[in-house]
Amino acid sequence: MIIKNNTYNNRFRIALGLCSLLFFLQASWLYIAFRSTDMVLYNWLGIDCNNHLFQLLRITDCKPASWLIYNLQDGLWLLSFLFLMESIWWNDKLKWVFVGGMISFAYLLEGLQCLHAFPGTGDICDFVCYTIAILLYLFIHKLKFIFYEKVH
C-alpha cells in the first residue's frame, strides 16, 4: 500500500527522524555519563576523556540502577536505528532487510556473548531491552497505517 498524502508522510518521517536522533543522543549521553572512562570504545574512537565537554557530560556523584547504565543504551540505540530506517525508507520493502538484519545482529551478538564466544556480558536485560525496542518500533509502524486510514 502506498500512502499518497505527502504532508502526512513528511511529518511522520520527520518525527521519526527526530525521535531517532533523540534516542541516539540519549543513549550516547547515558554511556558517557555513567560508564568508566577506561572503556576500549573511547580509545577506538580517539575520544579524549579529559576533554572539558566530555567531563561536563559525566555524572560521578550518583549511581543509577545497573540496567540503566548497562542495558538501556542498547535498546535505545536499536530503537534509534529502527526509527531511522522507517523514516528513510518509509514504505519501501528494502527497509525490512535492514530492520531484520539489525535485529538479528543484536540478538546474535548478545547470544554469542552469553556463550562466551564474543567479548561481553551476555546479559538477559539486553535481550529484554532489545525486545521492548522492537515492540515499540512495531507499534509505531502500525500507528502510521492506523492514522493514515483515519485521515482517508
# chains A, B, ... in the order shown; residues from 1 in each chain; ligands from 1

call {"tool": "residues_around", "arguments": {"residues": "A:Leu57", "least_positions_apart": "3", "cutoff": "7 Å", "atoms": "only C-alpha atoms", "output": "PyMOL selection string"}}
result
chain A and resi 29+32-33+53-54

call {"tool": "write_last_selection", "arguments": {"atoms": "all heavy atoms", "output": "PDB file, in the first residue's frame"}}
result
ATOM      1  N   TRP A  29      24.589   9.778  25.641  1.00  0.00           N
ATOM      2  CA  TRP A  29      24.821  10.520  26.879  1.00  0.00           C
ATOM      3  C   TRP A  29      24.858   9.575  28.082  1.00  0.00           C
ATOM      4  O   TRP A  29      25.740   9.707  28.937  1.00  0.00           O
ATOM      5  CB  TRP A  29      23.753  11.593  27.095  1.00  0.00           C
ATOM      6  CG  TRP A  29      23.919  12.241  28.432  1.00  0.00           C
ATOM      7  CD1 TRP A  29      24.866  13.149  28.788  1.00  0.00           C
ATOM      8  CD2 TRP A  29      23.149  11.977  29.605  1.00  0.00           C
ATOM      9  NE1 TRP A  29      24.731  13.476  30.124  1.00  0.00           N
ATOM     10  CE2 TRP A  29      23.685  12.767  30.636  1.00  0.00           C
ATOM     11  CE3 TRP A  29      22.070  11.150  29.876  1.00  0.00           C
ATOM     12  CZ2 TRP A  29      23.156  12.743  31.924  1.00  0.00           C
ATOM     13  CZ3 TRP A  29      21.543  11.136  31.152  1.00  0.00           C
ATOM     14  CH2 TRP A  29      22.094  11.935  32.155  1.00  0.00           C
ATOM     15  N   ILE A  32      28.228   7.921  28.141  1.00  0.00           N
ATOM     16  CA  ILE A  32      29.294   8.824  28.584  1.00  0.00           C
ATOM     17  C   ILE A  32      29.137   9.177  30.059  1.00  0.00           C
ATOM     18  O   ILE A  32      30.110   9.210  30.814  1.00  0.00           O
ATOM     19  CB  ILE A  32      29.312  10.109  27.731  1.00  0.00           C
ATOM     20  CG1 ILE A  32      29.754   9.786  26.313  1.00  0.00           C
ATOM     21  CG2 ILE A  32      30.218  11.170  28.345  1.00  0.00           C
ATOM     22  CD1 ILE A  32      29.547  10.927  25.328  1.00  0.00           C
ATOM     23  N   ALA A  33      27.909   9.424  30.478  1.00  0.00           N
ATOM     24  CA  ALA A  33      27.652   9.915  31.835  1.00  0.00           C
ATOM     25  C   ALA A  33      28.030   8.917  32.912  1.00  0.00           C
ATOM     26  O   ALA A  33      28.554   9.301  33.963  1.00  0.00           O
ATOM     27  CB  ALA A  33      26.179  10.303  31.977  1.00  0.00           C
ATOM     28  N   LEU A  53      34.363  19.158  27.530  1.00  0.00           N
ATOM     29  CA  LEU A  53      32.999  18.816  27.168  1.00  0.00           C
ATOM     30  C   LEU A  53      32.650  17.401  27.648  1.00  0.00           C
ATOM     31  O   LEU A  53      31.570  17.167  28.196  1.00  0.00           O
ATOM     32  CB  LEU A  53      32.795  18.916  25.654  1.00  0.00           C
ATOM     33  CG  LEU A  53      31.418  18.502  25.136  1.00  0.00           C
ATOM     34  CD1 LEU A  53      30.318  19.368  25.754  1.00  0.00           C
ATOM     35  CD2 LEU A  53      31.376  18.583  23.625  1.00  0.00           C
ATOM     36  N   PHE A  54      33.573  16.471  27.457  1.00  0.00           N
ATOM     37  CA  PHE A  54      33.351  15.100  27.914  1.00  0.00           C
ATOM     38  C   PHE A  54      33.118  15.080  29.421  1.00  0.00           C
ATOM     39  O   PHE A  54      32.203  14.413  29.906  1.00  0.00           O
ATOM     40  CB  PHE A  54      34.563  14.229  27.540  1.00  0.00           C
ATOM     41  CG  PHE A  54      34.378  12.777  27.837  1.00  0.00           C
ATOM     42  CD1 PHE A  54      33.799  11.940  26.894  1.00  0.00           C
ATOM     43  CD2 PHE A  54      34.772  12.239  29.058  1.00  0.00           C
ATOM     44  CE1 PHE A  54      33.622  10.589  27.168  1.00  0.00           C
ATOM     45  CE2 PHE A  54      34.600  10.894  29.330  1.00  0.00           C
ATOM     46  CZ  PHE A  54      34.025  10.068  28.381  1.00  0.00           C
TER      47      PHE A  54
END

call {"tool": "closest_residue", "arguments": {"among": "A:Leu115, A:Ile140, A:Ile59, A:Ala27", "to": "A:Asn71", "atoms": "only C-alpha atoms"}}
result
A:Ala27

call {"tool": "closest_residue", "arguments": {"among": "A:Leu72, A:Cys62, A:Leu16, A:Leu41", "to": "A:Ile124", "atoms": "only C-alpha atoms"}}
result
A:Leu72

call {"tool": "residues_around", "arguments": {"residues": "stretch 35-37 of chain A", "least_positions_apart": "6", "cutoff": "10 Å", "atoms": "only C-alpha atoms", "output": "ChimeraX atom specification"}}
result
/A:29,43,47-50,54-55,58-60,69-70

call {"tool": "write_last_selection", "arguments": {"atoms": "C-alpha atoms", "output": "PDB file, in the first residue's frame"}}
result
ATOM      1  CA  TRP A  29      24.821  10.520  26.879  1.00  0.00           C
ATOM      2  CA  ASN A  43      40.335   4.571  22.561  1.00  0.00           C
ATOM      3  CA  ILE A  47      38.000  10.339  22.427  1.00  0.00           C
ATOM      4  CA  ASP A  48      39.963  12.299  24.992  1.00  0.00           C
ATOM      5  CA  CYS A  49      38.222  11.548  28.299  1.00  0.00           C
ATOM      6  CA  ASN A  50      39.934  14.566  29.890  1.00  0.00           C
ATOM      7  CA  PHE A  54      33.351  15.100  27.914  1.00  0.00           C
ATOM      8  CA  GLN A  55      33.789  15.867  31.611  1.00  0.00           C
ATOM      9  CA  ARG A  58      29.767  12.866  33.046  1.00  0.00           C
ATOM     10  CA  ILE A  59      27.858  12.250  36.261  1.00  0.00           C
ATOM     11  CA  THR A  60      30.038  10.891  39.031  1.00  0.00           C
ATOM     12  CA  ILE A  69      23.887   2.092  32.946  1.00  0.00           C
ATOM     13  CA  TYR A  70      24.468  -1.121  31.009  1.00  0.00           C
TER      14      TYR A  70
END

call {"tool": "closest_residue", "arguments": {"among": "A:Val97, A:Cys129, A:Leu22, A:Leu82", "to": "A:His141", "atoms": "only C-alpha atoms"}}
result
A:Leu82

call {"tool": "atom_distance", "arguments": {"atom1": "atom CA of A:Leu79", "atom2": "atom CA of A:Thr131"}}
result
9.9 Å

call {"tool": "select_by_dssp", "arguments": {"residues": "stretch 36-138 of chain A", "states": "alpha helix (DSSP H)", "output": "ChimeraX atom specification"}}
result
/A:40-45,52-57,66-70,72-89,94-114,124-138

call {"tool": "residues_around", "arguments": {"residues": "A:Trp96", "least_positions_apart": "5", "cutoff": "10 Å", "atoms": "only C-alpha atoms", "output": "short mmCIF file (atom, residue, chain, number, x, y, z; two decimals) with N, CA, C and O atoms, in the first residue's frame"}}
result
data_model
loop_
_atom_site.label_atom_id
_atom_site.label_comp_id
_atom_site.auth_asym_id
_atom_site.auth_seq_id
_atom_site.Cartn_x
_atom_site.Cartn_y
_atom_site.Cartn_z
N LEU A 82 16.10 1.60 14.13
CA LEU A 82 14.84 1.17 13.52
C LEU A 82 14.00 2.37 13.08
O LEU A 82 13.43 2.37 11.98
N MET A 85 15.56 3.85 9.94
CA MET A 85 15.22 3.07 8.74
C MET A 85 13.78 3.36 8.30
O MET A 85 13.49 3.49 7.12
N GLU A 86 12.88 3.47 9.28
CA GLU A 86 11.48 3.76 8.97
C GLU A 86 11.34 5.15 8.33
O GLU A 86 10.58 5.33 7.39
N TRP A 89 13.20 4.86 4.57
CA TRP A 89 12.60 4.00 3.55
C TRP A 89 11.09 3.90 3.63
O TRP A 89 10.46 3.28 2.79
N ASN A 91 7.88 3.25 3.07
CA ASN A 91 7.10 2.09 2.60
C ASN A 91 7.89 1.19 1.65
O ASN A 91 7.31 0.35 0.99
N GLY A 101 17.88 -7.35 9.57
CA GLY A 101 19.31 -7.59 9.73
C GLY A 101 19.85 -7.05 11.04
O GLY A 101 20.62 -7.72 11.74
N MET A 102 19.43 -5.84 11.41
CA MET A 102 19.91 -5.25 12.66
C MET A 102 19.35 -5.98 13.88
O MET A 102 20.07 -6.20 14.86
#

call {"tool": "residues_around", "arguments": {"residues": "A:Ile134", "least_positions_apart": "4", "cutoff": "12 Å", "atoms": "only C-alpha atoms", "output": "MDAnalysis selection string"}}
result
chainID A and resid 74:83 99:100 102:104 106:107 127:130 138:141

call {"tool": "atom_distance", "arguments": {"atom1": "atom CA of A:His116", "atom2": "atom CA of A:Pro64"}}
result
26.9 Å
